[in-house]
>>> print(open('my_file.pdb').read())   # PDB, C-alpha atoms, pLDDT in the B column
ATOM      1  CA  LEU A   1       9.348  20.091  -3.425  1.00 72.00           C
ATOM      2  CA  ALA A   2      12.875  19.697  -2.108  1.00 68.00           C
ATOM      3  CA  ALA A   3      12.604  23.076  -0.359  1.00 67.00           C
ATOM      4  CA  SER A   4       9.486  22.049   1.562  1.00 77.00           C
ATOM      5  CA  ASP A   5      10.063  20.812   5.110  1.00 84.00           C
ATOM      6  CA  ASP A   6       6.815  18.867   4.967  1.00 87.00           C
ATOM      7  CA  TYR A   7       7.911  17.093   1.801  1.00 89.00           C
ATOM      8  CA  ALA A   8      11.136  16.034   3.515  1.00 88.00           C
ATOM      9  CA  THR A   9       9.221  14.557   6.463  1.00 90.00           C
ATOM     10  CA  LEU A  10       6.826  12.531   4.290  1.00 91.00           C
ATOM     11  CA  SER A  11       7.283   8.782   4.198  1.00 91.00           C
ATOM     12  CA  ARG A  12       9.325   7.614   1.196  1.00 92.00           C
ATOM     13  CA  ASN A  13       6.092   6.368  -0.371  1.00 94.00           C
ATOM     14  CA  GLY A  14       4.513   9.754   0.236  1.00 94.00           C
ATOM     15  CA  ARG A  15       7.404  11.596  -1.421  1.00 92.00           C
ATOM     16  CA  LEU A  16       7.133   9.516  -4.594  1.00 92.00           C
ATOM     17  CA  ALA A  17       3.340   9.954  -4.559  1.00 93.00           C
ATOM     18  CA  CYS A  18       3.832  13.739  -4.466  1.00 91.00           C
ATOM     19  CA  VAL A  19       6.199  13.664  -7.430  1.00 89.00           C
ATOM     20  CA  LEU A  20       3.833  11.451  -9.425  1.00 89.00           C
ATOM     21  CA  SER A  21       0.941  13.792  -8.633  1.00 88.00           C
ATOM     22  CA  LEU A  22       2.672  16.997  -9.683  1.00 83.00           C
ATOM     23  CA  THR A  23       4.723  15.964 -12.706  1.00 81.00           C
ATOM     24  CA  ARG A  24       3.535  15.137 -16.184  1.00 80.00           C
ATOM     25  CA  THR A  25       3.945  11.456 -17.040  1.00 80.00           C
ATOM     26  CA  PRO A  26       6.574  11.008 -19.787  1.00 81.00           C
ATOM     27  CA  GLN A  27       5.119   9.809 -23.086  1.00 85.00           C
ATOM     28  CA  GLU A  28       6.865   6.439 -22.958  1.00 85.00           C
ATOM     29  CA  TRP A  29       5.432   5.705 -19.502  1.00 85.00           C
ATOM     30  CA  ARG A  30       1.798   6.579 -20.225  1.00 86.00           C
ATOM     31  CA  PRO A  31       0.650   3.198 -21.609  1.00 88.00           C
ATOM     32  CA  TYR A  32       2.009   1.484 -18.496  1.00 88.00           C
ATOM     33  CA  TRP A  33       0.639   4.123 -16.119  1.00 86.00           C
ATOM     34  CA  ARG A  34      -2.854   3.818 -17.622  1.00 87.00           C
ATOM     35  CA  THR A  35      -2.953   0.115 -16.720  1.00 89.00           C
ATOM     36  CA  ILE A  36      -2.618   0.830 -12.993  1.00 90.00           C
ATOM     37  CA  PRO A  37      -5.948   1.110 -11.159  1.00 87.00           C
ATOM     38  CA  MET A  38      -5.917   4.441  -9.353  1.00 89.00           C
ATOM     39  CA  THR A  39      -9.505   5.052  -8.319  1.00 93.00           C
ATOM     40  CA  LYS A  40     -11.150   4.877  -4.925  1.00 94.00           C
ATOM     41  CA  SER A  41     -13.272   1.905  -5.992  1.00 94.00           C
ATOM     42  CA  ALA A  42     -10.241  -0.019  -7.283  1.00 94.00           C
ATOM     43  CA  LEU A  43      -8.258   0.690  -4.112  1.00 96.00           C
ATOM     44  CA  SER A  44     -11.135   0.279  -1.649  1.00 94.00           C
ATOM     45  CA  TRP A  45      -9.186  -2.577  -0.015  1.00 95.00           C
ATOM     46  CA  SER A  46      -6.863  -0.009   1.557  1.00 96.00           C
ATOM     47  CA  VAL A  47      -7.082   0.735   5.268  1.00 96.00           C
ATOM     48  CA  TRP A  48      -7.571   4.374   4.287  1.00 97.00           C
ATOM     49  CA  PHE A  49     -11.046   3.577   2.965  1.00 97.00           C
ATOM     50  CA  TRP A  50     -12.185   1.137   5.643  1.00 97.00           C
ATOM     51  CA  PRO A  51     -15.483   2.360   7.170  1.00 96.00           C
ATOM     52  CA  ARG A  52     -14.734   3.655  10.657  1.00 95.00           C
ATOM     53  CA  ASP A  53     -17.989   2.272  12.068  1.00 96.00           C
ATOM     54  CA  GLU A  54     -16.928  -1.247  11.009  1.00 96.00           C
ATOM     55  CA  VAL A  55     -13.489  -0.825  12.558  1.00 96.00           C
ATOM     56  CA  ASP A  56     -15.125   0.294  15.807  1.00 96.00           C
ATOM     57  CA  LEU A  57     -17.145  -2.942  15.879  1.00 95.00           C
ATOM     58  CA  VAL A  58     -13.953  -5.014  16.124  1.00 94.00           C
ATOM     59  CA  ARG A  59     -11.720  -2.644  18.093  1.00 94.00           C
ATOM     60  CA  ASP A  60     -11.051  -5.374  20.695  1.00 91.00           C
ATOM     61  CA  TYR A  61      -9.522  -7.759  18.153  1.00 92.00           C
ATOM     62  CA  ASP A  62      -5.870  -8.079  17.188  1.00 92.00           C
ATOM     63  CA  VAL A  63      -6.336  -6.177  13.914  1.00 94.00           C
ATOM     64  CA  CYS A  64      -6.939  -3.067  16.041  1.00 94.00           C
ATOM     65  CA  THR A  65      -5.151  -3.771  19.318  1.00 94.00           C
ATOM     66  CA  ASP A  66      -1.723  -4.650  17.885  1.00 94.00           C
ATOM     67  CA  PRO A  67       0.329  -1.511  18.705  1.00 94.00           C
ATOM     68  CA  THR A  68       2.934  -2.199  16.019  1.00 93.00           C
ATOM     69  CA  HIS A  69       1.080  -3.676  13.058  1.00 93.00           C
ATOM     70  CA  GLY A  70      -2.518  -2.841  13.904  1.00 95.00           C
ATOM     71  CA  TYR A  71      -5.034  -0.656  12.117  1.00 96.00           C
ATOM     72  CA  GLY A  72      -4.431   2.351  14.351  1.00 96.00           C
ATOM     73  CA  ALA A  73      -0.663   2.418  13.832  1.00 95.00           C
ATOM     74  CA  TYR A  74      -0.861   2.137  10.050  1.00 96.00           C
ATOM     75  CA  HIS A  75      -3.818   4.499   9.634  1.00 96.00           C
ATOM     76  CA  ALA A  76      -1.940   7.103  11.702  1.00 96.00           C
ATOM     77  CA  ILE A  77       0.979   6.975   9.237  1.00 95.00           C
ATOM     78  CA  LEU A  78      -1.390   7.483   6.324  1.00 96.00           C
ATOM     79  CA  HIS A  79      -3.110  10.373   8.109  1.00 97.00           C
ATOM     80  CA  GLU A  80       0.227  12.069   8.787  1.00 96.00           C
ATOM     81  CA  ASP A  81       1.022  11.888   5.076  1.00 95.00           C
ATOM     82  CA  TRP A  82      -2.467  13.225   4.239  1.00 97.00           C
ATOM     83  CA  VAL A  83      -1.853  16.299   6.415  1.00 96.00           C
ATOM     84  CA  ARG A  84       1.598  16.832   4.918  1.00 95.00           C
ATOM     85  CA  PHE A  85       0.230  16.476   1.382  1.00 95.00           C
ATOM     86  CA  GLY A  86      -1.927  19.494   2.160  1.00 94.00           C
ATOM     87  CA  ARG A  87       1.034  21.484   3.468  1.00 93.00           C
ATOM     88  CA  VAL A  88       3.142  20.545   0.455  1.00 92.00           C
ATOM     89  CA  TYR A  89       0.326  21.813  -1.738  1.00 91.00           C
ATOM     90  CA  ASP A  90       0.288  25.126   0.157  1.00 91.00           C
ATOM     91  CA  ALA A  91       4.056  25.510  -0.346  1.00 88.00           C
ATOM     92  CA  TYR A  92       3.735  24.589  -4.033  1.00 85.00           C
ATOM     93  CA  VAL A  93       1.004  27.167  -4.657  1.00 86.00           C
ATOM     94  CA  ALA A  94       2.861  29.867  -2.699  1.00 86.00           C
ATOM     95  CA  HIS A  95       6.077  29.196  -4.610  1.00 83.00           C
ATOM     96  CA  PHE A  96       4.559  29.449  -8.084  1.00 82.00           C
ATOM     97  CA  GLN A  97       1.876  32.029  -7.207  1.00 80.00           C
ATOM     98  CA  ASP A  98       0.538  33.279 -10.567  1.00 78.00           C
ATOM     99  CA  ALA A  99       2.666  31.007 -12.752  1.00 77.00           C
ATOM    100  CA  PRO A 100       0.687  28.867 -15.252  1.00 74.00           C
ATOM    101  CA  VAL A 101       1.311  25.511 -13.565  1.00 73.00           C
ATOM    102  CA  TYR A 102      -0.899  22.536 -12.781  1.00 73.00           C
ATOM    103  CA  ARG A 103      -3.001  23.528  -9.783  1.00 79.00           C
ATOM    104  CA  PRO A 104      -5.853  21.266  -8.620  1.00 84.00           C
ATOM    105  CA  SER A 105      -7.812  22.107  -5.489  1.00 90.00           C
ATOM    106  CA  ARG A 106      -6.095  21.362  -2.174  1.00 93.00           C
ATOM    107  CA  LYS A 107      -8.391  18.453  -1.348  1.00 95.00           C
ATOM    108  CA  ARG A 108      -8.158  17.050  -4.869  1.00 93.00           C
ATOM    109  CA  PHE A 109      -4.368  17.140  -4.603  1.00 93.00           C
ATOM    110  CA  GLN A 110      -4.474  15.320  -1.263  1.00 96.00           C
ATOM    111  CA  GLU A 111      -6.807  12.677  -2.698  1.00 96.00           C
ATOM    112  CA  LYS A 112      -4.635  12.236  -5.775  1.00 94.00           C
ATOM    113  CA  CYS A 113      -1.504  11.887  -3.648  1.00 95.00           C
ATOM    114  CA  MET A 114      -3.160   9.356  -1.353  1.00 97.00           C
ATOM    115  CA  LEU A 115      -4.296   7.153  -4.250  1.00 96.00           C
ATOM    116  CA  ARG A 116      -0.775   7.192  -5.640  1.00 95.00           C
ATOM    117  CA  ARG A 117       0.671   6.509  -2.220  1.00 96.00           C
ATOM    118  CA  ILE A 118      -1.478   3.370  -1.920  1.00 97.00           C
ATOM    119  CA  VAL A 119      -0.320   2.258  -5.381  1.00 95.00           C
ATOM    120  CA  VAL A 120       3.332   2.954  -4.563  1.00 95.00           C
ATOM    121  CA  THR A 121       3.045   1.008  -1.298  1.00 95.00           C
ATOM    122  CA  SER A 122       1.533  -2.042  -2.999  1.00 94.00           C
ATOM    123  CA  ARG A 123       3.745  -1.996  -6.116  1.00 93.00           C
ATOM    124  CA  GLY A 124       6.940  -0.203  -5.106  1.00 93.00           C
ATOM    125  CA  PHE A 125      10.462  -1.603  -4.779  1.00 93.00           C
ATOM    126  CA  GLY A 126      12.610  -0.239  -1.980  1.00 90.00           C
ATOM    127  CA  PHE A 127      16.274   0.260  -2.831  1.00 89.00           C
ATOM    128  CA  GLY A 128      19.392   2.268  -2.035  1.00 84.00           C
ATOM    129  CA  ASP A 129      19.323   4.611   0.943  1.00 84.00           C
ATOM    130  CA  GLY A 130      15.623   4.636   1.726  1.00 84.00           C
ATOM    131  CA  GLU A 131      14.425   5.180  -1.848  1.00 88.00           C
ATOM    132  CA  ILE A 132      11.480   3.539  -3.599  1.00 92.00           C
ATOM    133  CA  ALA A 133      10.544   3.077  -7.253  1.00 91.00           C
ATOM    134  CA  VAL A 134       7.682   1.710  -9.321  1.00 91.00           C
ATOM    135  CA  VAL A 135       9.216  -0.721 -11.809  1.00 92.00           C
ATOM    136  CA  PRO A 136       7.214  -1.783 -14.899  1.00 89.00           C
ATOM    137  CA  LEU A 137       7.077  -5.530 -15.543  1.00 87.00           C
ATOM    138  CA  LEU A 138       8.649  -6.430 -12.191  1.00 91.00           C
ATOM    139  CA  ASP A 139       5.585  -5.090 -10.400  1.00 90.00           C
ATOM    140  CA  LEU A 140       3.463  -7.712 -12.173  1.00 89.00           C
ATOM    141  CA  MET A 141       5.016 -10.462 -10.063  1.00 92.00           C
ATOM    142  CA  ASN A 142       2.772 -11.854  -7.358  1.00 91.00           C
ATOM    143  CA  HIS A 143       3.894 -13.095  -3.962  1.00 92.00           C
ATOM    144  CA  GLY A 144       4.941 -16.715  -3.686  1.00 89.00           C
ATOM    145  CA  SER A 145       5.381 -18.893  -0.618  1.00 85.00           C
ATOM    146  CA  ARG A 146       8.857 -19.958   0.476  1.00 84.00           C
ATOM    147  CA  ALA A 147       8.518 -23.090  -1.628  1.00 86.00           C
ATOM    148  CA  ALA A 148       6.938 -21.396  -4.654  1.00 89.00           C
ATOM    149  CA  PHE A 149       8.723 -18.108  -5.271  1.00 90.00           C
ATOM    150  CA  ASN A 150      11.172 -18.391  -8.148  1.00 95.00           C
ATOM    151  CA  VAL A 151      12.533 -14.901  -8.881  1.00 95.00           C
ATOM    152  CA  SER A 152      14.708 -12.529  -6.914  1.00 93.00           C
ATOM    153  CA  TRP A 153      15.474  -8.933  -7.837  1.00 94.00           C
ATOM    154  CA  SER A 154      18.166  -6.397  -7.059  1.00 94.00           C
ATOM    155  CA  TYR A 155      18.990  -2.764  -7.740  1.00 94.00           C
ATOM    156  CA  VAL A 156      22.161  -2.125  -9.715  1.00 94.00           C
ATOM    157  CA  PRO A 157      23.595   1.398  -9.262  1.00 92.00           C
ATOM    158  CA  GLY A 158      26.119   3.053 -11.568  1.00 90.00           C
ATOM    159  CA  GLU A 159      26.093   5.226 -14.694  1.00 92.00           C
ATOM    160  CA  THR A 160      22.914   3.491 -15.900  1.00 92.00           C
ATOM    161  CA  PRO A 161      21.153   2.380 -12.712  1.00 91.00           C
ATOM    162  CA  HIS A 162      18.616  -0.355 -13.224  1.00 93.00           C
ATOM    163  CA  PHE A 163      16.757  -3.243 -11.618  1.00 95.00           C
ATOM    164  CA  LYS A 164      17.667  -6.842 -12.354  1.00 94.00           C
ATOM    165  CA  ALA A 165      15.530  -9.948 -11.922  1.00 94.00           C
ATOM    166  CA  VAL A 166      17.088 -13.405 -11.726  1.00 95.00           C
ATOM    167  CA  ALA A 167      15.467 -16.831 -11.648  1.00 95.00           C
ATOM    168  CA  THR A 168      16.260 -18.668  -8.407  1.00 94.00           C
ATOM    169  CA  LYS A 169      15.295 -22.071  -9.802  1.00 94.00           C
ATOM    170  CA  SER A 170      14.333 -23.700 -13.091  1.00 95.00           C
ATOM    171  CA  ILE A 171      11.023 -22.300 -14.368  1.00 94.00           C
ATOM    172  CA  ARG A 172       8.973 -24.224 -16.877  1.00 94.00           C
ATOM    173  CA  PRO A 173       7.596 -22.300 -19.890  1.00 94.00           C
ATOM    174  CA  GLY A 174       4.291 -20.640 -19.069  1.00 92.00           C
ATOM    175  CA  ALA A 175       4.761 -20.821 -15.300  1.00 93.00           C
ATOM    176  CA  GLU A 176       4.030 -17.735 -13.229  1.00 94.00           C
ATOM    177  CA  LEU A 177       6.976 -15.654 -12.047  1.00 94.00           C
ATOM    178  CA  LEU A 178       6.699 -15.229  -8.277  1.00 94.00           C
ATOM    179  CA  ASP A 179       8.513 -12.769  -6.076  1.00 92.00           C
ATOM    180  CA  SER A 180       8.681 -12.698  -2.289  1.00 89.00           C
ATOM    181  CA  TYR A 181       6.992  -9.738  -0.626  1.00 91.00           C
ATOM    182  CA  GLY A 182       8.669 -10.688   2.632  1.00 86.00           C
ATOM    183  CA  HIS A 183       8.121 -13.996   4.385  1.00 80.00           C
ATOM    184  CA  GLY A 184       8.724 -12.488   7.790  1.00 83.00           C
ATOM    185  CA  LYS A 185       5.884  -9.971   7.551  1.00 88.00           C
ATOM    186  CA  ASP A 186       2.909 -10.018   9.868  1.00 90.00           C
ATOM    187  CA  PRO A 187      -0.271 -11.063   7.969  1.00 88.00           C
ATOM    188  CA  LYS A 188      -1.759  -7.650   8.741  1.00 93.00           C
ATOM    189  CA  GLN A 189       1.092  -6.028   6.818  1.00 94.00           C
ATOM    190  CA  PHE A 190       0.137  -8.025   3.745  1.00 93.00           C
ATOM    191  CA  ALA A 191      -3.457  -6.836   4.142  1.00 94.00           C
ATOM    192  CA  PHE A 192      -2.559  -3.192   4.745  1.00 95.00           C
ATOM    193  CA  TYR A 193       0.237  -2.866   2.168  1.00 95.00           C
ATOM    194  CA  TYR A 194      -0.814  -5.189  -0.638  1.00 94.00           C
ATOM    195  CA  GLY A 195      -4.528  -5.795  -0.216  1.00 94.00           C
ATOM    196  CA  PHE A 196      -4.459  -9.557   0.354  1.00 93.00           C
ATOM    197  CA  LEU A 197      -3.596 -12.160   2.954  1.00 89.00           C
ATOM    198  CA  PRO A 198      -1.010 -14.833   2.135  1.00 83.00           C
ATOM    199  CA  SER A 199      -2.503 -18.271   1.683  1.00 74.00           C
ATOM    200  CA  ARG A 200      -1.480 -20.513   4.522  1.00 63.00           C
ATOM    201  CA  ARG A 201      -2.970 -23.221   6.703  1.00 59.00           C
ATOM    202  CA  THR A 202      -4.389 -20.816   9.236  1.00 63.00           C
ATOM    203  CA  ARG A 203      -7.342 -21.718  11.367  1.00 68.00           C
ATOM    204  CA  ARG A 204     -10.399 -19.548  10.943  1.00 68.00           C
ATOM    205  CA  ALA A 205     -13.218 -19.189  13.412  1.00 65.00           C
ATOM    206  CA  THR A 206     -16.254 -21.328  12.661  1.00 72.00           C
ATOM    207  CA  PHE A 207     -18.476 -19.503  15.148  1.00 76.00           C
ATOM    208  CA  VAL A 208     -18.760 -15.899  14.004  1.00 83.00           C
ATOM    209  CA  PRO A 209     -20.088 -13.265  16.421  1.00 86.00           C
ATOM    210  CA  PRO A 210     -22.899 -11.076  15.032  1.00 90.00           C
ATOM    211  CA  GLN A 211     -20.764  -7.929  14.807  1.00 91.00           C
ATOM    212  CA  VAL A 212     -18.140  -9.806  12.791  1.00 90.00           C
ATOM    213  CA  ARG A 213     -20.755 -11.398  10.554  1.00 90.00           C
ATOM    214  CA  SER A 214     -22.071  -7.929   9.696  1.00 93.00           C
ATOM    215  CA  LEU A 215     -18.719  -6.678   8.362  1.00 94.00           C
ATOM    216  CA  LYS A 216     -18.755  -5.795   4.665  1.00 95.00           C
ATOM    217  CA  THR A 217     -15.027  -5.059   4.325  1.00 95.00           C
ATOM    218  CA  PRO A 218     -13.515  -8.414   3.166  1.00 93.00           C
ATOM    219  CA  LEU A 219      -9.965  -7.934   4.443  1.00 94.00           C
ATOM    220  CA  LEU A 220     -11.088  -6.658   7.819  1.00 95.00           C
ATOM    221  CA  LYS A 221     -13.488  -9.570   8.233  1.00 92.00           C
ATOM    222  CA  GLU A 222     -10.867 -12.149   7.229  1.00 91.00           C
ATOM    223  CA  LEU A 223      -8.331 -10.704   9.673  1.00 92.00           C
ATOM    224  CA  VAL A 224     -10.840 -10.938  12.509  1.00 91.00           C
ATOM    225  CA  LEU A 225     -11.749 -14.507  11.559  1.00 88.00           C
ATOM    226  CA  ARG A 226      -8.074 -15.384  11.942  1.00 85.00           C
ATOM    227  CA  ASP A 227      -7.802 -13.701  15.342  1.00 82.00           C
ATOM    228  CA  ARG A 228      -6.208 -16.158  17.788  1.00 75.00           C
ATOM    229  CA  ARG A 229      -8.635 -15.474  20.606  1.00 70.00           C
ATOM    230  CA  LEU A 230     -11.685 -16.038  18.403  1.00 74.00           C
ATOM    231  CA  VAL A 231     -10.164 -19.182  16.859  1.00 70.00           C
ATOM    232  CA  LYS A 232      -9.237 -20.502  20.300  1.00 63.00           C
ATOM    233  CA  LYS A 233     -12.849 -20.160  21.459  1.00 61.00           C
ATOM    234  CA  THR A 234     -14.057 -21.933  18.341  1.00 58.00           C
ATOM    235  CA  HIS A 235     -11.388 -24.671  18.368  1.00 49.00           C
ATOM    236  CA  PRO A 236     -10.727 -25.631  22.013  1.00 46.00           C
TER     237      PRO A 236
END
>>> encode(input="my_file.pdb", output="structure tokens")
Amino acid sequence: LAASDDYATLSRNGRLACVLSLTRTPQEWRPYWRTIPMTKSALSWSVWFWPRDEVDLVRDYDVCTDPTHGYGAYHAILHEDWVRFGRVYDAYVAHFQDAPVYRPSRKRFQEKCMLRRIVVTSRGFGFGDGEIAVVPLLDLMNHGSRAAFNVSWSYVPGETPHFKAVATKSIRPGAELLDSYGHGKDPKQFAFYYGFLPSRRTRRATFVPPQVRSLKTPLLKELVLRDRRLVKKTHP
């Protein structure tokens, strides 16, 4: 993988997804790995699986028109990784040729990598110089508001590198441990990366145009209902 130019140009999430797709899961990690939903149905919230015809219906709303955090910008990143997954596969097959190694079909490899990329994006912890890791236990923490989150984490390098979680306030027994996924993020980033929208007192449109009412993708519909222009028309 390290010798492949396409692997080097993958996003950091894409690189880890490639490794997880091509390497055998160590025995001690398998129970944890089996608990992670990695099917298309389980990850249908991802932008990658949003029906294009539904996206086209709301192409004039902020979820699509935002050049930085909109659907188009994020989907383009995923598509670039999809193409590179295929090229990495070609390099992998060419390198090993007739060797008895794991060799799914090209499309199956791309699909497997993309599912893992979605999981890595929603559960991963960025650290060091542009690295990312999936950390058992820590990845169970949900996002908490500024007032509610009660745990912070850090990466500790050295001879035995590890992650450390520390309580930021007193936590009563039985209370949920809450991390911060980033309070400065655009709501669309929460939807695209993690599959949910942070709870906040945000106005939603009460009058819903027919094309919005017909949407069957929950996250897409909720983002449109929060669109400022639509809310402004509904709440003068």
>>> closest_residue(input="my_file.pdb", among="A:Gly195, A:Ala175, A:Pro104, A:Phe163", to="Ala148 in chain A", atoms="only C-alpha atoms")
A:Ala175
>>> resolve_selection(input="my_file.pdb", expression="the PyMOL selection byres ((chain A and resi 80) around 12)", output="VMD selection string")
chain A and resid 6 to 7 9 to 11 14 48 73 to 79 81 to 87 110 114
>>> closest_residue(input="my_file.pdb", among="A:Asp179, A:Glu28, A:Asp60, A:Glu54", to="Leu219 in chain A", atoms="all atoms listed in the file")
A:Glu54
>>> closest_residue(input="my_file.pdb", among="A:Phe192, A:Tyr181, A:Phe125, A:Tyr102", to="Asn13 in chain A", atoms="all atoms listed in the file")
A:Phe125
>>> atom_distance(input="my_file.pdb", atom1="CA of Val151 in chain A", atom2="CA of Pro136 in chain A")
15.4 Å
>>> resolve_selection(input="my_file.pdb", expression="the PyMOL selection byres ((chain A and resi 46) around 8)", output="PyMOL selection string")
chain A and resi 43-45+47-50+118+192-193+195
>>> closest_residue(input="my_file.pdb", among="A:Ser180, A:Gln27, A:Thr39, A:Ser170", to="Phe149 in chain A", atoms="all atoms listed in the file")
A:Ser180
>>> resolve_selection(input="my_file.pdb", expression="the PyMOL selection byres ((chain A and resi 182) around 12)", output="list in words")
Phe125, Asn142, His143, Gly144, Ser145, Arg146, Phe149, Ser152, Leu178, Asp179, Ser180, Tyr181, His183, Gly184, Lys185, Asp186, Pro187, Gln189, Phe190, Tyr193, Tyr194 and Pro198 of chain A
>>> write_last_selection(input="my_file.pdb", atoms="C-alpha atoms", output="PDB file, in the coordinates of the input")
ATOM      1  CA  PHE A 125      10.462  -1.603  -4.779  1.00 93.00           C
ATOM      2  CA  ASN A 142       2.772 -11.854  -7.358  1.00 91.00           C
ATOM      3  CA  HIS A 143       3.894 -13.095  -3.962  1.00 92.00           C
ATOM      4  CA  GLY A 144       4.941 -16.715  -3.686  1.00 89.00           C
ATOM      5  CA  SER A 145       5.381 -18.893  -0.618  1.00 85.00           C
ATOM      6  CA  ARG A 146       8.857 -19.958   0.476  1.00 84.00           C
ATOM      7  CA  PHE A 149       8.723 -18.108  -5.271  1.00 90.00           C
ATOM      8  CA  SER A 152      14.708 -12.529  -6.914  1.00 93.00           C
ATOM      9  CA  LEU A 178       6.699 -15.229  -8.277  1.00 94.00           C
ATOM     10  CA  ASP A 179       8.513 -12.769  -6.076  1.00 92.00           C
ATOM     11  CA  SER A 180       8.681 -12.698  -2.289  1.00 89.00           C
ATOM     12  CA  TYR A 181       6.992  -9.738  -0.626  1.00 91.00           C
ATOM     13  CA  HIS A 183       8.121 -13.996   4.385  1.00 80.00           C
ATOM     14  CA  GLY A 184       8.724 -12.488   7.790  1.00 83.00           C
ATOM     15  CA  LYS A 185       5.884  -9.971   7.551  1.00 88.00           C
ATOM     16  CA  ASP A 186       2.909 -10.018   9.868  1.00 90.00           C
ATOM     17  CA  PRO A 187      -0.271 -11.063   7.969  1.00 88.00           C
ATOM     18  CA  GLN A 189       1.092  -6.028   6.818  1.00 94.00           C
ATOM     19  CA  PHE A 190       0.137  -8.025   3.745  1.00 93.00           C
ATOM     20  CA  TYR A 193       0.237  -2.866   2.168  1.00 95.00           C
ATOM     21  CA  TYR A 194      -0.814  -5.189  -0.638  1.00 94.00           C
ATOM     22  CA  PRO A 198      -1.010 -14.833   2.135  1.00 83.00           C
TER      23      PRO A 198
END
>>> atom_distance(input="my_file.pdb", atom1="CA of Asp5 in chain A", atom2="CA of Pro26 in chain A")
27.0 Å
>>> closest_residue(input="my_file.pdb", among="A:Ser4, A:Pro157, A:Asn150, A:Leu138", to="His95 in chain A", atoms="all atoms listed in the file")
A:Ser4
>>> residues_near_point(input="my_file.pdb", point="(5.7, 4.3, -7.1)", cutoff="6 Å", atoms="only C-alpha atoms", output="list in words")
Leu16, Val120, Gly124, Ala133 and Val134 of chain A
>>> axis_aligned_box(input="my_file.pdb", around="range 147-156 of chain A", padding_each_side="3 Å", output="AutoDock Vina command-line options")
--center_x 14.5 --center_y -12.6 --center_z -5.7 --size_x 21.2 --size_y 27.0 --size_z 14.1
>>> residues_around(input="my_file.pdb", residues="Tyr61 in chain A", least_positions_apart="4", cutoff="9 Å", atoms="all atoms listed in the file", output="PyMOL selection string")
chain A and resi 65-66+224+227+229-230
